[in-house]
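> Pasting input-v6.csv here (CSV, C-alpha atoms):
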```
chain,number,residue,atom,x,y,z
Y,1,MET,CA,23.8,-11.1,-0.4
Y,2,THR,CA,24.0,-11.6,3.4
Y,3,THR,CA,27.7,-10.8,4.0
Y,4,GLY,CA,30.2,-8.3,2.7
Y,5,PRO,CA,31.8,-4.9,3.5
Y,6,ASP,CA,28.7,-3.0,2.5
Y,7,LEU,CA,26.5,-4.9,4.9
Y,8,ASP,CA,29.1,-4.6,7.6
Y,9,GLU,CA,29.0,-0.8,7.2
Y,10,LEU,CA,25.1,-0.9,7.3
Y,11,VAL,CA,25.2,-3.0,10.4
Y,12,GLU,CA,27.6,-0.6,12.1
Y,13,LEU,CA,25.5,2.5,11.2
Y,14,VAL,CA,22.1,1.1,12.2
Y,15,GLY,CA,23.6,-0.5,15.3
Y,16,ARG,CA,24.4,2.9,16.7
Y,17,GLY,CA,20.6,3.5,17.1
Y,18,GLY,CA,18.7,6.6,16.3
Y,19,ALA,CA,18.2,5.7,12.6
Y,20,VAL,CA,15.2,7.0,10.6
Y,21,VAL,CA,14.0,4.7,7.8
Y,22,LEU,CA,12.7,6.1,4.5
Y,23,SER,CA,11.1,3.3,2.5
Y,24,GLY,CA,9.9,3.2,-1.0
Y,25,ALA,CA,8.0,0.9,-3.4
Y,26,GLY,CA,11.0,-1.5,-3.7
Y,27,LEU,CA,10.3,-2.7,-0.2
Y,28,SER,CA,6.8,-4.0,-1.2
Y,29,THR,CA,7.7,-5.8,-4.4
Y,30,ASP,CA,8.2,-9.1,-2.6
Y,31,SER,CA,4.6,-8.7,-1.4
Y,32,GLY,CA,3.3,-8.7,-4.9
Y,33,ILE,CA,3.0,-4.9,-5.3
Y,34,PRO,CA,5.1,-3.6,-8.3
Y,35,ASP,CA,7.4,-0.6,-8.2
Y,36,TYR,CA,6.9,2.3,-10.7
Y,37,ARG,CA,10.6,2.9,-11.5
Y,38,GLY,CA,12.5,0.0,-10.1
Y,39,VAL,CA,13.1,-3.5,-11.4
Y,40,THR,CA,9.4,-4.2,-12.1
Y,41,GLY,CA,9.0,-0.8,-13.8
Y,42,ALA,CA,5.3,-0.4,-13.8
Y,43,LEU,CA,5.6,3.2,-14.9
Y,44,ARG,CA,6.8,2.0,-18.3
Y,45,THR,CA,3.4,0.3,-19.0
Y,46,HIS,CA,1.0,2.1,-16.7
Y,47,SER,CA,0.1,5.7,-16.5
Y,48,PRO,CA,-0.7,6.5,-12.8
Y,49,MET,CA,-3.7,8.6,-11.8
Y,50,THR,CA,-2.9,12.3,-11.5
Y,51,TRP,CA,-4.5,14.9,-9.2
Y,52,GLN,CA,-5.6,17.0,-12.1
Y,53,THR,CA,-7.4,14.1,-13.9
Y,54,PHE,CA,-9.0,12.9,-10.7
Y,55,THR,CA,-10.4,16.3,-9.7
Y,56,ARG,CA,-11.2,17.8,-13.1
Y,57,ASP,CA,-12.4,14.8,-15.1
Y,58,PRO,CA,-15.5,12.9,-13.8
Y,59,GLN,CA,-14.9,10.2,-16.4
Y,60,GLY,CA,-11.3,9.8,-15.3
Y,61,ARG,CA,-12.4,9.6,-11.7
Y,62,HIS,CA,-15.0,7.0,-12.5
Y,63,ARG,CA,-12.4,5.0,-14.4
Y,64,TYR,CA,-10.1,5.1,-11.4
Y,65,TRP,CA,-12.7,3.9,-9.0
Y,66,ALA,CA,-13.8,1.0,-11.2
Y,67,ARG,CA,-10.2,-0.2,-11.5
Y,68,SER,CA,-9.5,0.5,-7.9
Y,69,TYR,CA,-12.6,-1.5,-6.8
Y,70,VAL,CA,-11.0,-4.6,-8.5
Y,71,GLY,CA,-7.4,-3.7,-7.4
Y,72,TRP,CA,-8.4,-3.3,-3.7
Y,73,ARG,CA,-9.0,-7.1,-3.5
Y,74,GLN,CA,-5.3,-7.7,-4.2
Y,75,ILE,CA,-4.1,-4.9,-2.0
Y,76,GLY,CA,-6.2,-6.3,0.8
Y,77,LEU,CA,-4.6,-9.8,0.3
Y,78,ALA,CA,-1.0,-8.5,0.2
Y,79,ARG,CA,1.0,-9.5,3.3
Y,80,PRO,CA,4.2,-8.0,4.8
Y,81,ASN,CA,7.4,-9.6,3.5
Y,82,ALA,CA,10.7,-10.4,5.3
Y,83,GLY,CA,11.8,-6.8,4.8
Y,84,HIS,CA,8.8,-5.3,6.5
Y,85,HIS,CA,9.2,-7.7,9.4
Y,86,ALA,CA,12.9,-6.8,9.7
Y,87,VAL,CA,12.1,-3.1,9.9
Y,88,ALA,CA,9.5,-3.8,12.6
Y,89,ALA,CA,12.1,-5.9,14.5
Y,90,LEU,CA,14.7,-3.2,14.4
Y,91,GLN,CA,12.2,-0.7,15.6
Y,92,GLY,CA,11.1,-3.0,18.4
Y,93,ALA,CA,14.7,-3.3,19.4
Y,94,GLY,CA,15.0,0.4,19.9
Y,95,LEU,CA,17.3,1.0,17.0
Y,96,LEU,CA,15.0,3.2,14.9
Y,97,ALA,CA,13.9,6.8,15.7
Y,98,GLY,CA,11.2,6.8,13.1
Y,99,VAL,CA,9.8,5.2,10.0
Y,100,ILE,CA,8.7,7.3,7.0
Y,101,THR,CA,7.2,5.4,4.0
Y,102,GLN,CA,6.4,6.6,0.5
Y,103,ASN,CA,4.2,3.5,0.2
Y,104,VAL,CA,0.4,3.5,0.5
Y,105,ASP,CA,-0.1,-0.2,1.2
Y,106,GLY,CA,0.0,-0.3,5.0
Y,107,LEU,CA,2.4,-3.2,5.1
Y,108,HIS,CA,4.8,-1.6,7.6
Y,109,GLN,CA,2.0,-1.4,10.1
Y,110,ALA,CA,0.7,-4.9,9.3
Y,111,ALA,CA,4.2,-6.1,10.1
Y,112,GLY,CA,4.0,-4.4,13.5
Y,113,ALA,CA,5.8,-1.1,12.9
Y,114,ARG,CA,4.5,1.7,15.1
Y,115,ASP,CA,4.0,5.4,14.4
Y,116,VAL,CA,4.7,5.1,10.7
Y,117,VAL,CA,4.5,8.4,8.8
Y,118,GLU,CA,2.7,7.7,5.6
Y,119,LEU,CA,4.2,10.4,3.4
Y,120,HIS,CA,1.8,9.8,0.5
Y,121,GLY,CA,-1.2,8.7,2.6
Y,122,GLY,CA,-2.8,5.3,2.8
Y,123,LEU,CA,-5.2,3.3,0.5
Y,124,ASP,CA,-7.1,2.0,3.5
Y,125,ARG,CA,-8.8,5.3,3.9
Y,126,THR,CA,-11.0,7.6,1.8
Y,127,VAL,CA,-11.6,11.3,2.0
Y,128,CYS,CA,-14.5,13.3,0.7
Y,129,LEU,CA,-13.5,16.1,-1.7
Y,130,ALA,CA,-16.6,18.2,-0.6
Y,131,CYS,CA,-16.7,17.9,3.2
Y,132,GLY,CA,-13.3,16.4,4.1
Y,133,ASP,CA,-14.8,13.4,5.9
Y,134,VAL,CA,-12.2,10.6,6.3
Y,135,ALA,CA,-13.7,7.1,6.3
Y,136,ASP,CA,-12.5,3.5,6.3
Y,137,ARG,CA,-11.9,1.9,2.9
Y,138,ALA,CA,-13.3,-1.4,4.0
Y,139,SER,CA,-16.7,0.2,4.6
Y,140,LEU,CA,-16.6,1.7,1.2
Y,141,ASP,CA,-15.8,-1.7,-0.3
Y,142,LEU,CA,-18.9,-3.1,1.3
Y,143,ARG,CA,-21.0,-0.3,-0.2
Y,144,LEU,CA,-19.5,-0.9,-3.6
Y,145,ARG,CA,-20.2,-4.6,-3.4
Y,146,ALA,CA,-23.8,-3.9,-2.7
Y,147,ALA,CA,-24.0,-1.3,-5.6
Y,148,ASN,CA,-22.2,-3.6,-8.0
Y,149,PRO,CA,-23.5,-7.2,-7.5
Y,150,GLY,CA,-22.9,-8.1,-11.1
Y,151,PHE,CA,-19.6,-6.3,-11.7
Y,152,ARG,CA,-17.2,-9.1,-12.6
Y,153,PRO,CA,-14.8,-7.8,-15.3
Y,154,GLU,CA,-13.7,-10.8,-17.3
Y,155,HIS,CA,-10.4,-9.3,-18.4
Y,156,ALA,CA,-9.2,-7.7,-15.2
Y,157,ALA,CA,-5.4,-7.7,-14.9
Y,158,ASP,CA,-3.8,-10.2,-12.6
Y,159,GLU,CA,-1.4,-7.7,-11.2
Y,160,VAL,CA,-2.3,-4.6,-9.1
Y,161,ASN,CA,-0.7,-1.3,-9.9
Y,162,PRO,CA,1.3,0.5,-7.3
Y,163,ASP,CA,-1.5,3.1,-6.8
Y,164,GLY,CA,-4.0,0.3,-6.0
Y,165,ASP,CA,-5.9,-0.2,-9.3
Y,166,VAL,CA,-5.7,-2.6,-12.2
Y,167,GLU,CA,-6.1,-2.3,-16.0
Y,168,LEU,CA,-9.6,-2.8,-17.2
Y,169,PRO,CA,-11.0,-2.7,-20.7
Y,170,GLU,CA,-13.0,0.5,-21.5
Y,171,GLU,CA,-16.2,-1.5,-22.2
Y,172,ALA,CA,-16.2,-2.8,-18.6
Y,173,LEU,CA,-16.3,0.6,-17.0
Y,174,ASP,CA,-19.8,1.5,-18.0
Y,175,ASP,CA,-21.2,-1.3,-15.8
Y,176,PHE,CA,-19.6,0.1,-12.7
Y,177,VAL,CA,-21.6,2.2,-10.2
Y,178,MET,CA,-19.7,4.5,-7.9
Y,179,VAL,CA,-21.2,5.7,-4.5
Y,180,ASP,CA,-20.7,9.1,-2.9
Y,181,CYS,CA,-19.8,10.3,0.6
Y,182,LEU,CA,-22.1,9.1,3.4
Y,183,ALA,CA,-21.3,12.1,5.7
Y,184,CYS,CA,-22.5,14.8,3.4
Y,185,GLY,CA,-24.6,12.8,1.0
Y,186,GLY,CA,-23.1,13.8,-2.3
Y,187,GLY,CA,-19.4,14.6,-2.2
Y,188,PRO,CA,-17.0,12.7,-4.5
Y,189,LEU,CA,-14.7,10.3,-2.7
Y,190,LYS,CA,-10.9,10.1,-3.1
Y,191,PRO,CA,-8.5,7.5,-1.7
Y,192,ASP,CA,-6.6,9.2,1.1
Y,193,VAL,CA,-3.4,9.2,-0.9
Y,194,VAL,CA,-1.2,11.8,-2.7
Y,195,PHE,CA,-1.7,11.4,-6.4
Y,196,PHE,CA,1.0,12.4,-9.0
Y,197,GLY,CA,0.8,16.2,-9.3
Y,198,GLU,CA,-0.7,16.6,-5.8
Y,199,THR,CA,1.2,18.3,-2.9
Y,200,VAL,CA,2.0,16.4,0.3
Y,201,PRO,CA,0.5,18.2,3.2
Y,202,PRO,CA,3.1,20.7,4.6
Y,203,ASP,CA,2.7,19.7,8.2
Y,204,ARG,CA,3.4,16.1,7.2
Y,205,VAL,CA,6.6,17.2,5.4
Y,206,GLN,CA,7.7,19.3,8.3
Y,207,HIS,CA,7.2,16.3,10.7
Y,208,CYS,CA,9.4,14.2,8.4
Y,209,TYR,CA,12.1,16.9,8.3
Y,210,GLU,CA,12.1,17.0,12.1
Y,211,LEU,CA,12.5,13.3,12.3
Y,212,VAL,CA,15.4,13.4,9.8
Y,213,VAL,CA,17.2,16.3,11.5
Y,214,GLY,CA,16.9,14.6,14.9
Y,215,ALA,CA,18.2,11.2,13.5
Y,216,ARG,CA,21.7,9.7,13.9
Y,217,SER,CA,21.4,8.3,10.4
Y,218,LEU,CA,18.9,8.1,7.5
Y,219,VAL,CA,18.4,4.7,6.0
Y,220,VAL,CA,16.7,4.6,2.5
Y,221,LEU,CA,15.1,1.3,1.7
Y,222,GLY,CA,13.8,0.4,-1.8
Y,223,SER,CA,13.5,3.9,-3.3
Y,224,SER,CA,15.0,5.2,-6.5
Y,225,LEU,CA,14.6,8.7,-5.1
Y,226,THR,CA,13.6,9.9,-8.6
Y,227,VAL,CA,11.0,12.3,-7.3
Y,228,MET,CA,11.8,15.2,-4.9
Y,229,SER,CA,9.1,13.9,-2.4
Y,230,GLY,CA,11.6,11.5,-0.9
Y,231,TYR,CA,14.9,12.8,-2.3
Y,232,ARG,CA,14.5,16.1,-0.3
Y,233,PHE,CA,15.1,14.2,2.9
Y,234,VAL,CA,18.3,12.8,1.6
Y,235,LEU,CA,19.4,16.3,0.7
Y,236,ARG,CA,18.5,17.6,4.1
Y,237,ALA,CA,20.4,14.8,5.9
Y,238,ALA,CA,23.5,15.4,3.8
Y,239,LYS,CA,23.3,19.1,4.5
Y,240,GLU,CA,23.0,18.5,8.2
Y,241,GLY,CA,26.0,16.1,8.1
Y,242,ILE,CA,23.8,13.1,9.0
Y,243,PRO,CA,25.0,9.8,7.5
Y,244,VAL,CA,22.9,8.4,4.7
Y,245,ALA,CA,22.6,4.7,3.8
Y,246,ILE,CA,20.8,3.5,0.7
Y,247,VAL,CA,19.7,-0.1,0.2
Y,248,ASN,CA,18.2,-0.6,-3.2
Y,249,SER,CA,18.4,-2.9,-6.2
Y,250,GLY,CA,19.8,-0.7,-9.0
Y,251,PRO,CA,21.0,2.9,-9.0
Y,252,THR,CA,19.3,5.8,-7.2
Y,253,ARG,CA,19.3,9.5,-7.5
Y,254,GLY,CA,20.8,9.8,-4.1
Y,255,ASP,CA,23.8,7.5,-4.6
Y,256,GLU,CA,26.3,10.4,-4.6
Y,257,LYS,CA,25.0,11.5,-1.2
Y,258,ALA,CA,25.2,8.0,0.4
Y,259,ASP,CA,27.8,7.2,3.0
Y,260,VAL,CA,26.8,3.5,2.8
Y,261,ARG,CA,25.4,1.9,-0.4
Y,262,VAL,CA,24.1,-1.6,-0.6
Y,263,ASP,CA,22.9,-2.7,-4.1
Y,264,ALA,CA,21.1,-5.9,-3.4
Y,265,PRO,CA,17.5,-7.3,-2.8
Y,266,LEU,CA,16.0,-6.0,0.4
Y,267,GLY,CA,14.5,-9.4,1.1
Y,268,LEU,CA,18.0,-10.6,1.7
Y,269,VAL,CA,19.7,-7.5,3.1
Y,270,LEU,CA,17.1,-6.6,5.8
Y,271,PRO,CA,16.7,-10.0,7.5
Y,272,ALA,CA,20.5,-10.3,7.5
Y,273,LEU,CA,20.8,-6.8,9.0
Y,274,ALA,CA,18.3,-7.7,11.8
Y,275,SER,CA,20.0,-11.0,12.4
Y,276,ARG,CA,23.5,-9.5,12.6
Y,277,LEU,CA,22.1,-7.0,15.2
Y,278,GLY,CA,20.7,-9.9,17.2
Y,279,ARG,CA,17.1,-9.0,16.6
```
Could I get this structure in the form of structure tokens?

Amino acid sequence: MTTGPDLDELVELVGRGGAVVLSGAGLSTDSGIPDYRGVTGALRTHSPMTWQTFTRDPQGRHRYWARSYVGWRQIGLARPNAGHHAVAALQGAGLLAGVITQNVDGLHQAAGARDVVELHGGLDRTVCLACGDVADRASLDLRLRAANPGFRPEHAADEVNPDGDVELPEEALDDFVMVDCLACGGGPLKPDVVFFGETVPPDRVQHCYELVVGARSLVVLGSSLTVMSGYRFVLRAAKEGIPVAIVNSGPTRGDEKADVRVDAPLGLVLPALASRLGR
């Protein structure tokens, strides 16, 4: 879909400027990263890591890191798709007042978007649960390669999960060696992302609210809005009388709040939007 009344309305809304984008996993599916609840439905076959398991179950944490060690290869190879580039182009043209993403893959930034608010953090960083040190994920990967020269799971899944890991057989996990924090010498490491059951930092949420309240419109891209983490911003925009546009394949929790609704692939809609606005 590149034409139609719904796209016309989206063009008119975004063309006013001052739009804040709220993106979800549906924006990254064309880059090979599946959605949890959308068309690819990874949540139906994959149980995501929870905050409770990661912090309370050493075996669960070990399992996550073994799977994430393999999955990071695919995350690192993922490239921005046409939707990411269209968002960056709209921002470069001065039409966006902010970009908030629920994704942890860093693809908005890789496409050239600036000052992206990563609501759920980013897989490209780690944080120590003991001392709080934040480090680069690439450096951790080098340390893990050195500690696991022979770790080559024969049955690793071909597809990475949305939280950056892959499915591995239980028998492969015993051969994996995890390393600890370099800063304090012993603290367990965690990817700098918000797991299921974990709370988004309040100052980050407040910053997002400020962006939304100051926007001329809120444009939701590729999110089912099933969880309150993103849906609350739609509720706030609607409460403030700020127009809401939702572009997503399939229904969303926020459809009744939307002033503009485009049910079509983002890989078609967003490039068409940028083209129509001359960007």
> Do you have, as a tab-separated table, the list of residues of stretch 164-223 of chain Y lying at most 8 Å from stretch 236-253 of chain Y, each with its nearest atom pair and that distance in Å to one decimal, counting all atoms listed in the file and ordered by chain then number?

```
residue	atom	partner	partner_atom	distance
Y:Tyr209	CA	Y:Arg236	CA	7.7
Y:Val212	CA	Y:Ala237	CA	6.5
Y:Val213	CA	Y:Ala237	CA	6.6
Y:Ala215	CA	Y:Ile242	CA	7.4
Y:Arg216	CA	Y:Ile242	CA	6.3
Y:Ser217	CA	Y:Pro243	CA	4.9
Y:Leu218	CA	Y:Val244	CA	4.9
Y:Val219	CA	Y:Ala245	CA	4.7
Y:Val220	CA	Y:Ile246	CA	4.6
Y:Leu221	CA	Y:Val247	CA	5.0
Y:Gly222	CA	Y:Asn248	CA	4.7
Y:Ser223	CA	Y:Asn248	CA	6.5
```
> Grab the residues selected above and save them as a PDB file, in the frame of the given file with C-alpha atoms.

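Ended up saving to out_31.pdb:
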```pdb
ATOM      1  CA  TYR Y 209      12.100  16.900   8.300  1.00  0.00           C
ATOM      2  CA  VAL Y 212      15.400  13.400   9.800  1.00  0.00           C
ATOM      3  CA  VAL Y 213      17.200  16.300  11.500  1.00  0.00           C
ATOM      4  CA  ALA Y 215      18.200  11.200  13.500  1.00  0.00           C
ATOM      5  CA  ARG Y 216      21.700   9.700  13.900  1.00  0.00           C
ATOM      6  CA  SER Y 217      21.400   8.300  10.400  1.00  0.00           C
ATOM      7  CA  LEU Y 218      18.900   8.100   7.500  1.00  0.00           C
ATOM      8  CA  VAL Y 219      18.400   4.700   6.000  1.00  0.00           C
ATOM      9  CA  VAL Y 220      16.700   4.600   2.500  1.00  0.00           C
ATOM     10  CA  LEU Y 221      15.100   1.300   1.700  1.00  0.00           C
ATOM     11  CA  GLY Y 222      13.800   0.400  -1.800  1.00  0.00           C
ATOM     12  CA  SER Y 223      13.500   3.900  -3.300  1.00  0.00           C
TER      13      SER Y 223
END
```
> Give me, please, the distance in Å between atom CA of Y:Leu10 and atom CA of Y:Arg79, quoted to one decimal.
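Taking atom CA of Y:Leu10 as the start and atom CA of Y:Arg79 as the end point, the length is 25.9 Å.
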> Point out the residue among Y:Val193, Y:Glu198, Y:Tyr69, Y:Gly4 with the least atom-to-atom distance to Y:Arg143, counting all atoms listed in the file.
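Answer, going by the shortest atom-to-atom distance: Y:Tyr69.
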> Suppose you want the space between atom CA of Y:Ala147 and atom CA of Y:Gln59; what is it in Å?
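Between atom CA of Y:Ala147 and atom CA of Y:Gln59 the gap works out to 18.2 Å.
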> So which residues touch stretch 125-133 of chain Y within 9 Å, counting all atoms listed in the file, skipping near sequence neighbours fewer than 2 positions away, as a PyMOL selection string?
chain Y and resi 55+121-123+135-138+140+180-184+186-193
> Using only C-alpha atoms, what residues lie at most 12 Å away from (24.3, -4.9, 7.8) (file coordinates), given as an MDAnalysis selection string?
chainID Y and resid 1:16 86 90 219 245:247 260:262 264 266 268:278
> Against stretch 170-177 of chain Y, which residues of stretch 82-160 of chain Y fall within 8 Å? For each one I want the closest pair of atoms and the distance in Å (one decimal), counting all atoms listed in the file, rows by chain and increasing residue number, as CSV.

```
residue,atom,partner,partner_atom,distance
Y:Leu144,CA,Y:Val177,CA,7.6
Y:Ala147,CA,Y:Val177,CA,6.3
Y:Asn148,CA,Y:Val177,CA,6.2
Y:Phe151,CA,Y:Phe176,CA,6.5
Y:Pro153,CA,Y:Ala172,CA,6.2
```
> Figure out the distance between atom CA of Y:Leu22 and atom CA of Y:Ala88, please, to one decimal in Å.
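Going from atom CA of Y:Ala88 over to atom CA of Y:Leu22 covers 13.2 Å.
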> Which one is closest to Y:Ala97: Y:Asp165, Y:Asp141, Y:Asp35, Y:Glu210? Count all atoms listed in the file.
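Nearest candidate to Y:Ala97 out of Y:Asp165, Y:Asp141, Y:Asp35, Y:Glu210: Y:Glu210.
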> Every residue with an atom at most 10 Å from (6.3, -5.5, -2.1) (file coordinates; all atoms listed in the file) is what I'm after, so could you write them as a list in words?
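I get Gly24, Ala25, Gly26, Leu27, Ser28, Thr29, Asp30, Ser31, Gly32, Ile33, Pro34, Asp35, Ala78, Arg79, Pro80, Asn81, Ala82, Gly83, His84, Asn103, Asp105, Leu107, Pro162, Gly222 and Gly267 of chain Y for the residues within 10 Å of that point.
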> When you look at Y:His120 with a cut-off of 9 Å (counting only C-alpha atoms), what residues show up, excluding the ones that are within fewer than 5 positions of it in the same chain? I need them as number ranges by chain.
Y: 101-104, 192-195, 200-201, 229
